[in-house]
Amino acid sequence: MTGRRIEAGGLIDRAARLNFSFDGRNYTGHPGDTLASALLANGVRILGRSFKYHRPRGPWGAWFDDPNAMMNVRLGRDELPNCPATTTALVNGMSARAVNAWPSAAHDIKGGLDLFHRWLGAGFYYKTFMWPNWHLFEPSIRKMAGLGALEMSGIEGHVTDRVDDVCDLLVVGGGAAGLSAARAAAEAGQGVLLVEDHPELGGGLYRRGTPVDGQPPVAWVAEQRHAIEAAGGRILTGTTAYGVYDHGLVALSEDRGFAKAPRLWRMRVRRAILAAGATDRPLTFANNDLPGIMAVEAGLEFLGRHGVLVGQKIALASNTSFGDLAAERLEAAGATVRRYDPTARPLQGIGRKGLEAVRHGRYRYDADVLLASAGWTPLVHLWRHAGGKLRWSDALSAFLPGDPPEGMAAVGAANGTFDLDHAVEEAGCVATGTPLPQPRTRYHIAPHWPEPGGEGRQWIDFQHDVTLKDVEQAARENYTSVEHLKRYTTLGMASDQGKTSNMAGLAAMAAIQGRPIPEVGTTTFRPPFVPVPMELYHGTNRGQQFHPLKRLALEPQHRAAGAALGEYGGWLRPAWYGENPMTQAIRDEALMARQTVGVLDASPLGKIEVMGPDAEAFVNFIYYNTIRTLKPGRIRYGLMLTEGGVVYDDGVIARVAADHFVISCSSSHVDGVTALLESWRQDGNDPDRIFVHDCTAHWATITVTGPEARRVMRALDLPVQDVPHMSFCDAIFAGRPLRIARVSFTGDTSYEMSVPTGSALALWQAVKEAAEGRGGGPIGVEALSVLRAEKGYIMVGKDTDGETMPHDLGFTGPREKKKAAFVGDRSLHTATANASDRRQLVGLAVEEGAPALPTGAHIVTGGERPASQGYVTSSYDSPILGRPIAMALIAGGHARLGEEVTIWHMDETRSATITAACAFDRQGARLDA
Amino acid sequence: MRDDRLKWDAPASDPKVLAQDGLHVTRVRPTRLTLISGVQARRASALPLIGWPDQVTSEQFALCLRRDRILEVGGPDRLPGWDAEAGLAISEMTDGYAMFHLDGDRTLGLLKRGGVARPDQPSPSVVRLMFGMDVLLYCRGASGFGLCVPGPRAETLRSALRAHLSQHGAEI
């Protein structure tokens with residue numbers, strides 16, 4: 001037993017008692033305790049095990065700067081993994097278990113791994129498990145690795161509440177500097193939000209108990225809170241600013257209690273003041289990971305906030321001038337404190353499962369706790385997230401905020417202003433924009449960094465068991481960049497994210513290379529600053545809200561008709577209808593459409609209007625095909641290309657008037673095409689003479705296709721005689737406008753009828769009834785896919801890929817003849833675009849009686865090492881042809897018609913013959929039948 | 001291909017979307033919506049022009065979408081197409097948007113679950129990104145709001161509002 005609760009002091013409620021257990025043993029604590037403080041108060045020293053060697057570990061820090069005490073915690077039926085004991089508030093009835101330890105942290109059976117540490121150095125698994133196959137070892141390594149395990153049952157109601165908000169000034173940190181800045185800004189009329197990650201305001205004020213403005217910390221903090229709120233400022237405690245993103249977005253995680261998902265605040269801020277403080281960085285010496293060795297500030301925090309004296313015979317090794325104040329505070333609480341100068345002689349921790357003594361040079365002294373500090377490290381993480389620069393301070397031996405990011409300033413310890421009174425003064429000045437006083441400090445440091453070649457095992461990263469020797473080995477193997485060092489040794493990974501280990505690691509690398517520390521640099525600071533649950537990013541975006549689909553106006557009718565519904569291009573659409581098995585239903589629908597008539601809900605097809613005096617030139621510029629010559633009332637098929645000449649979309653363009661076009665693009669591309677049109681409208685065109693309206697949502701489109709289509713239209717008394725192929729006419733249906741377009745995606749006579757969605761039901765019922773009277777009926781998207789593939793009609797993104805150009809699909813005319821500029825023109829004339837081995841769209845025919853080819857199967861060369869020449873893009877059984885059909889992109893395909901090719905798929909080889917893409921009605925006789 | 005019909009709730013037809021502890025969400029159907037673009041679009045309508053957080057006080061108004069675009073709500077019947085004389089592009093969108101009225105003291109709290117909604121931050125435009133989609137958001141009275149989404153997104157909005165209220169209704 002070393003730690004104990006002192007009689008008075010701290011922010012805990014001694015009148016109330018909380019029962020909890022750790023690794024199966026029962027303990028008590030008080031409201032205001034963390035799991036770690038309560039365990040220390042009960043004399044428990046070993047709170048966890050390290051990741052690799054399973055070394056016993058006590059807490060190094062008292063808050064988010066502790067990498068050691070990770071626990072699985074259960075409360076009632078709820079269990080959470082990987083709870084840092086130093087930040088988990090104690091709740092009555094909690095049951096905690098150390099992660100990565102069995103049966104307990106004190107007696108971990110895998111602790112024996114430490115005996116093999118000589119063979120388990122940095123990167124050992126990269127070298128050791130190569131032969132015969134990494135996958136042979138992977139399962140057992142994965143089983144041994146990792147921290148806590150998830151409870152598979154989950155936690156009921158564990159859903160993050162997400163709130164979007166804005167503020168003029170965000171102050172991060174509720175310590176002396178943060179409170180001063182927030183008060184000054186609020187009283188100056190700014191809209192202030194102050195966030196503090198502890199449940200109480202005050203930050204590090206309770207550690208030393210130093211009066212502020214002549215008041216004890218508790219009273220001073222209460223006064224600041226009152227003043228901030230009275231001036232209209234807002235305060236969020238238990239809330240961590242864990243990331244800064246683009247456009248002033250700061251992510252805040254608000255703790256709402258154990259097993260309750262934290263609340264995510266997406267805060268847009270005009271300005272931010274970073275008052276996040278600073279942490280102690282570890283001293284690097286032999287056995288510096290023993291339980292009982294912790295940060296000076298942690299010892300003071302446990303004392304000042306939780307009323308826990310962490311040891312009786314305390315050794316204090318600090319190279320800063322603040323060490324004296326710490327010693328005084330601890331002695332006043334009843335400990336015997338002996339100070340050591342780590343820069344004078346080498347230090348060594350002595351003990352097996354905990355610190356028993358300290359060796360300082362040749363001298364050994366008994367001690368149950370060693371409080372260590374190699375200096376303060378300002379918490380500049382958010383500063384770096386925002387893009388701020390760092391500068392090295394020789395005087396403070398630390399990286400400090402340098403050139404600021406837009407709208408951010410740092411004050412207090414986060415800015416290297418470690419003296420309390422100076423920090424308060426600086427914060428007020430920054431908040432109100434008044435001139436800053438000359439920088440001055442009473443803080444002095446005698447730099448002390450890891451010394452390569454030192455004796456014993458000296459830990460750099462406590463969580464991952466990265467030692468000074470590992471850093472030396474990484475340097476020997478040429479992993480000298482700090483980014484490479486991090487990845488090779490795992491230094492600074494996982495929950496620590498370098499908070500305790502980075503400075504020692506890069507200082508060690510600097511010393512090994514004989515370079516100054518700032519020249520070695522730091523690793524990249526990335527959000528989140530502290531571990532946050534994945535749930536924080538999840539919230540209500542689950543189930544149907546995870547990837548919500550657009551819904552058809554006629555969905556109730558499709559459901560009533562027994563439609564199977566599926567996602568097609570972001571829409572929930574009928575795939576097929578009826579109770580028959582899928583394959584049979586699709587076949588029946590495709591055959592029905594070929595023999596009589598099919599009715600399709602084609603509402604997702606784009607209806608994008610382009611209007612204005614420059615509309616003609618604009619659409620002509622956008623499309624590969626010539627649109628300029630299109631007459632009003634007519635429709636033309638067109639391909640839309642990227643600037644790289646790659647097919648982006650295909651569709652039809654209807655010319656309503658000289659200055660009015662309707663672009664009917666693919667269903668899945670409506671948003672993309674609209675954005676692309678807007679983009680080109682504003683780039684190289686006069687945006688005041690072209691206007692783009694996406695009216696897709698206003699119109700429902702119902703397609704009638706098949707030999708009986710014309711009769712269906714006549715039955716509805718619609719003017720089909722006025723509509724030749726690739727033209728349209730306007731009519732009235734049930735008092736609303738109706739646009740009838742003669743276009744076909746099946747090769748049969750087809751009419752696309754568009755009405756305002758409010759009239760869709762009436763039109764659908766009328767068309768369906770008329771079609772059913774002629775042996776037809778509704779068809780789903782799957783049958784449509786078969787019908788269009790029989791004709792060799794492409795689906796962009798399925799029958800094309802990121803390299804397909806129009807001439808690969810057989811559309812060569814505009815490339816050769818179109819005189820006006822169009823998007824993608826130049827790219828169609830490069831050497832790559834003219835290569836003879838481009839993958840071109842063709843059809844594939846299989847031997848009689850053979851099954852359909854698998855979509856995605858490769859067309860391969862012969863020989864021992866077959867190479868891919870392309871792949872099958874679409875493949876179906878054609879009910880009307882009574883045989884399989886397929887389309888494929890094949891190298892030089894257009895010149896290889898009739899060639900027999902080898903198809904490979906999943907270790908199976910087949911043969912097929914290259915044909916034209918169109919397999920049905922090649923003369924197009926049915927189009928106008 | 002698989003049949004996902006059971007994965008998605010059938011669209012609700014009841015115009016009363018939600019009613020919980022004084023918070024009411026109702027789908028309303030305007031008589032006419034007309035999308036108008038043009039250099040002079042903001043001057044093209046005789047209806048009150050609504051930005052954020054201007055108050056809508058009648059059934060007829062024009063929402064400001066951007067510097068050259070408005071959406072007339074309950075406005076006059078206009079001929080769709082390009083009006084060369086006025087320099088206006090006109091499209092009927094009556095069936096294109098789903099319009100919801102949100103009423104009650106906690107409405108603003110609910111809206112904040114979807115995106116930034118601060119009446120003290122004025123903007124000429126009512127276009128917002130909320131609940132993951134483009135919406136038109138405007139003020140109606142002291143604690144009422146109007147929310148327009150493209151028709152195919154109506155069910156997404158209903159579902160999002162329901163999810164937030166059922167999970168966090170007590171804290172909104």
# chains A, B, ... in the order shown; residues from 1 in each chain; ligands from 1

call {"tool": "residues_around", "arguments": {"residues": "segment 81-83 of chain B", "least_positions_apart": "2", "cutoff": "8 Å", "atoms": "only C-alpha atoms", "output": "PyMOL selection string"}}
result
(chain A and resi 611-612+659-660) or (chain B and resi 79+85-91)

call {"tool": "closest_atom_pairs", "arguments": {"of": "chain B", "to": "chain A", "cutoff": "8 Å", "atoms": "only C-alpha atoms", "output": "tab-separated table"}}
result
residue	atom	partner	partner_atom	distance
B:Met1	CA	A:Gly566	CA	7.3
B:Arg2	CA	A:Gly566	CA	6.6
B:Asp3	CA	A:Ala564	CA	4.9
B:Asp4	CA	A:Leu565	CA	5.3
B:Arg5	CA	A:Leu565	CA	4.8
B:Lys7	CA	A:Gln544	CA	7.6
B:Trp8	CA	A:Gln544	CA	6.6
B:Ala10	CA	A:Pro556	CA	7.0
B:Pro11	CA	A:Pro556	CA	7.2
B:Leu35	CA	A:His693	CA	7.9
B:Ser37	CA	A:Phe691	CA	6.6
B:Gly38	CA	A:Asp688	CA	6.8
B:Val39	CA	A:Asp688	CA	6.0
B:Gly81	CA	A:His660	CA	6.4
B:Trp82	CA	A:Met611	CA	5.8
B:Ala84	CA	A:Gly612	CA	7.7
B:Gly87	CA	A:Gly612	CA	7.7
B:Leu88	CA	A:Gly612	CA	7.8
B:Ala89	CA	A:Met611	CA	6.0
B:Ser91	CA	A:His693	CA	7.4
B:Glu92	CA	A:His698	CA	7.7
B:Met93	CA	A:His698	CA	5.4
B:Thr94	CA	A:His698	CA	6.8
B:Asp95	CA	A:His698	CA	4.7
B:Gly96	CA	A:His698	CA	3.5
B:Tyr97	CA	A:Ala697	CA	7.1
B:Lys112	CA	A:Asp164	CA	5.2
B:Arg113	CA	A:Val163	CA	4.7
B:Gly114	CA	A:Asp164	CA	7.0
B:Gly115	CA	A:Asp164	CA	5.1
B:Val116	CA	A:Asp164	CA	5.0
B:Ala117	CA	A:Asp165	CA	7.4
B:Arg118	CA	A:Asp165	CA	7.7
B:Pro150	CA	A:Ala697	CA	6.2
B:Gly151	CA	A:Ala697	CA	5.8
B:Pro152	CA	A:Arg551	CA	4.7
B:Arg153	CA	A:Lys550	CA	5.5
B:Glu155	CA	A:Arg551	CA	7.2
B:Thr156	CA	A:Pro548	CA	6.1
B:Ser159	CA	A:Gln545	CA	7.1
B:Ala160	CA	A:Gln545	CA	6.7
B:Ala163	CA	A:Thr540	CA	6.3
B:His164	CA	A:Thr540	CA	6.7
B:Gln167	CA	A:Val159	CA	7.1
B:His168	CA	A:Asp161	CA	6.6

call {"tool": "write_last_selection", "arguments": {"atoms": "N, CA and C atoms", "output": "short mmCIF file (atom, residue, chain, number, x, y, z; two decimals), in the first residue's frame"}}
result
data_model
loop_
_atom_site.label_atom_id
_atom_site.label_comp_id
_atom_site.auth_asym_id
_atom_site.auth_seq_id
_atom_site.Cartn_x
_atom_site.Cartn_y
_atom_site.Cartn_z
N MET B 1 -28.87 -9.46 -57.65
CA MET B 1 -29.86 -8.50 -57.16
C MET B 1 -30.64 -9.14 -56.04
N ARG B 2 -30.98 -8.36 -55.05
CA ARG B 2 -31.75 -8.91 -53.95
C ARG B 2 -32.99 -8.03 -53.71
N ASP B 3 -33.92 -8.62 -53.04
CA ASP B 3 -35.16 -7.91 -52.75
C ASP B 3 -35.04 -7.21 -51.40
N ASP B 4 -34.96 -5.89 -51.43
CA ASP B 4 -34.78 -5.11 -50.21
C ASP B 4 -36.06 -4.43 -49.75
N ARG B 5 -37.18 -4.92 -50.21
CA ARG B 5 -38.40 -4.16 -49.91
C ARG B 5 -38.67 -4.10 -48.40
N LYS B 7 -36.41 -3.96 -46.14
CA LYS B 7 -35.36 -3.15 -45.48
C LYS B 7 -35.79 -1.69 -45.36
N TRP B 8 -36.74 -1.30 -46.20
CA TRP B 8 -37.15 0.10 -46.24
C TRP B 8 -38.62 0.20 -45.86
N ALA B 10 -42.31 1.42 -45.87
CA ALA B 10 -43.15 2.00 -46.92
C ALA B 10 -43.34 3.49 -46.63
N PRO B 11 -43.34 4.32 -47.66
CA PRO B 11 -43.49 5.76 -47.43
C PRO B 11 -44.79 6.07 -46.70
N LEU B 35 -39.88 27.86 -60.06
CA LEU B 35 -38.45 28.16 -59.95
C LEU B 35 -38.11 29.19 -61.03
N SER B 37 -35.03 31.75 -62.53
CA SER B 37 -33.62 32.15 -62.54
C SER B 37 -33.42 33.28 -63.54
N GLY B 38 -32.48 34.11 -63.23
CA GLY B 38 -32.16 35.20 -64.15
C GLY B 38 -31.44 36.29 -63.38
N VAL B 39 -30.78 37.12 -64.14
CA VAL B 39 -30.03 38.21 -63.49
C VAL B 39 -30.96 39.05 -62.62
N GLY B 81 -40.33 27.95 -69.30
CA GLY B 81 -39.41 28.14 -70.42
C GLY B 81 -38.61 29.42 -70.25
N TRP B 82 -37.97 29.81 -71.34
CA TRP B 82 -37.16 31.02 -71.27
C TRP B 82 -38.00 32.22 -71.67
N ALA B 84 -37.67 35.55 -72.83
CA ALA B 84 -36.59 36.36 -73.39
C ALA B 84 -36.73 37.83 -73.00
N GLY B 87 -35.81 38.05 -69.44
CA GLY B 87 -34.52 37.40 -69.17
C GLY B 87 -34.62 36.42 -68.01
N LEU B 88 -35.70 35.64 -68.01
CA LEU B 88 -35.92 34.72 -66.89
C LEU B 88 -36.11 33.29 -67.39
N ALA B 89 -35.48 32.36 -66.68
CA ALA B 89 -35.73 30.94 -66.91
C ALA B 89 -36.78 30.50 -65.91
N SER B 91 -39.40 27.44 -64.48
CA SER B 91 -39.78 26.02 -64.46
C SER B 91 -40.80 25.81 -63.36
N GLU B 92 -41.82 25.03 -63.69
CA GLU B 92 -42.78 24.69 -62.64
C GLU B 92 -42.19 23.61 -61.77
N MET B 93 -42.28 23.77 -60.45
CA MET B 93 -41.72 22.78 -59.52
C MET B 93 -42.73 22.41 -58.44
N THR B 94 -44.01 22.61 -58.73
CA THR B 94 -45.04 22.38 -57.72
C THR B 94 -44.94 20.97 -57.12
N ASP B 95 -44.66 20.01 -57.98
CA ASP B 95 -44.59 18.63 -57.50
C ASP B 95 -43.16 18.21 -57.19
N GLY B 96 -42.24 19.14 -57.30
CA GLY B 96 -40.82 18.79 -57.15
C GLY B 96 -40.31 18.86 -55.73
N TYR B 97 -40.98 19.65 -54.91
CA TYR B 97 -40.53 19.80 -53.53
C TYR B 97 -41.58 19.25 -52.57
N LYS B 112 -31.23 21.95 -35.18
CA LYS B 112 -29.79 21.96 -34.92
C LYS B 112 -29.20 20.56 -34.98
N ARG B 113 -30.05 19.55 -34.90
CA ARG B 113 -29.56 18.16 -35.05
C ARG B 113 -29.24 17.86 -36.52
N GLY B 114 -29.69 18.73 -37.40
CA GLY B 114 -29.45 18.47 -38.82
C GLY B 114 -28.42 19.38 -39.44
N GLY B 115 -28.20 20.51 -38.84
CA GLY B 115 -27.24 21.45 -39.41
C GLY B 115 -27.32 22.77 -38.67
N VAL B 116 -26.54 23.74 -39.13
CA VAL B 116 -26.52 25.03 -38.45
C VAL B 116 -27.81 25.78 -38.75
N ALA B 117 -28.52 26.18 -37.71
CA ALA B 117 -29.75 26.95 -37.86
C ALA B 117 -29.74 28.02 -36.78
N ARG B 118 -29.22 29.16 -37.11
CA ARG B 118 -29.13 30.26 -36.14
C ARG B 118 -29.85 31.48 -36.67
N PRO B 150 -36.34 18.17 -51.92
CA PRO B 150 -36.81 17.55 -53.15
C PRO B 150 -37.73 16.38 -52.81
N GLY B 151 -38.79 16.22 -53.59
CA GLY B 151 -39.79 15.20 -53.29
C GLY B 151 -39.22 13.82 -52.99
N PRO B 152 -38.27 13.33 -53.78
CA PRO B 152 -37.74 11.98 -53.52
C PRO B 152 -37.01 11.88 -52.17
N ARG B 153 -36.72 13.03 -51.54
CA ARG B 153 -36.04 13.03 -50.24
C ARG B 153 -37.01 13.20 -49.07
N GLU B 155 -39.11 11.24 -47.66
CA GLU B 155 -39.09 10.13 -46.70
C GLU B 155 -37.82 10.15 -45.86
N THR B 156 -36.72 10.57 -46.48
CA THR B 156 -35.45 10.68 -45.74
C THR B 156 -35.59 11.70 -44.62
N SER B 159 -37.82 10.40 -41.84
CA SER B 159 -37.09 9.38 -41.07
C SER B 159 -36.04 10.02 -40.17
N ALA B 160 -35.35 11.05 -40.68
CA ALA B 160 -34.31 11.72 -39.88
C ALA B 160 -34.93 12.43 -38.68
N ALA B 163 -36.02 9.90 -36.15
CA ALA B 163 -34.88 9.28 -35.45
C ALA B 163 -34.34 10.21 -34.36
N HIS B 164 -34.18 11.46 -34.69
CA HIS B 164 -33.64 12.40 -33.69
C HIS B 164 -34.60 12.56 -32.53
N GLN B 167 -34.67 9.29 -30.36
CA GLN B 167 -33.45 9.02 -29.60
C GLN B 167 -33.15 10.11 -28.58
N HIS B 168 -33.40 11.35 -28.94
CA HIS B 168 -32.94 12.44 -28.10
C HIS B 168 -34.03 13.46 -27.82
#

call {"tool": "residues_around", "arguments": {"residues": "Arg14 of chain A", "least_positions_apart": "2", "cutoff": "8 Å", "atoms": "only C-alpha atoms", "output": "short mmCIF file (atom, residue, chain, number, x, y, z; two decimals) with C-alpha atoms, in the first residue's frame"}}
result
data_model
loop_
_atom_site.label_atom_id
_atom_site.label_comp_id
_atom_site.auth_asym_id
_atom_site.auth_seq_id
_atom_site.Cartn_x
_atom_site.Cartn_y
_atom_site.Cartn_z
CA ILE A 12 -14.45 14.84 -4.07
CA ALA A 16 -20.79 9.69 -0.15
CA ARG A 17 -19.25 6.28 -0.78
CA HIS A 30 -16.14 8.87 -3.68
CA PRO A 31 -18.05 11.01 -6.15
#

call {"tool": "select_by_dssp", "arguments": {"residues": "segment 260-374 of chain A", "states": "strand (DSSP E or B)", "output": "VMD selection string"}}
result
chain A and resid 263 to 274 278 to 280 286 293 to 295 308 to 309 313 to 318 320 336 to 340 347 to 350 357 to 360 363 to 366 369 to 373

call {"tool": "residues_around", "arguments": {"residues": "Gly75 of chain B", "least_positions_apart": "2", "cutoff": "8 Å", "atoms": "only C-alpha atoms", "output": "PyMOL selection string"}}
result
chain B and resi 32-34+47+60-62+72-73+77

call {"tool": "write_last_selection", "arguments": {"atoms": "C-alpha atoms", "output": "PDB file, in the first residue's frame"}}
result
ATOM      1  CA  ARG B  32     -47.879  26.339 -56.891  1.00  0.00           C
ATOM      2  CA  LEU B  33     -44.084  26.391 -56.806  1.00  0.00           C
ATOM      3  CA  THR B  34     -42.199  28.138 -59.581  1.00  0.00           C
ATOM      4  CA  LEU B  47     -44.244  38.427 -53.673  1.00  0.00           C
ATOM      5  CA  GLN B  60     -47.622  33.659 -50.990  1.00  0.00           C
ATOM      6  CA  PHE B  61     -43.945  34.458 -50.868  1.00  0.00           C
ATOM      7  CA  ALA B  62     -40.724  33.972 -52.786  1.00  0.00           C
ATOM      8  CA  GLU B  72     -42.161  31.434 -55.816  1.00  0.00           C
ATOM      9  CA  VAL B  73     -44.555  29.795 -53.392  1.00  0.00           C
ATOM     10  CA  ASP B  77     -49.238  30.947 -63.045  1.00  0.00           C
TER      11      ASP B  77
END

call {"tool": "closest_residue", "arguments": {"among": "A:Arg55, A:Met94, A:Gly61, A:Leu927", "to": "Phe22 of chain A", "atoms": "only C-alpha atoms"}}
result
A:Met94
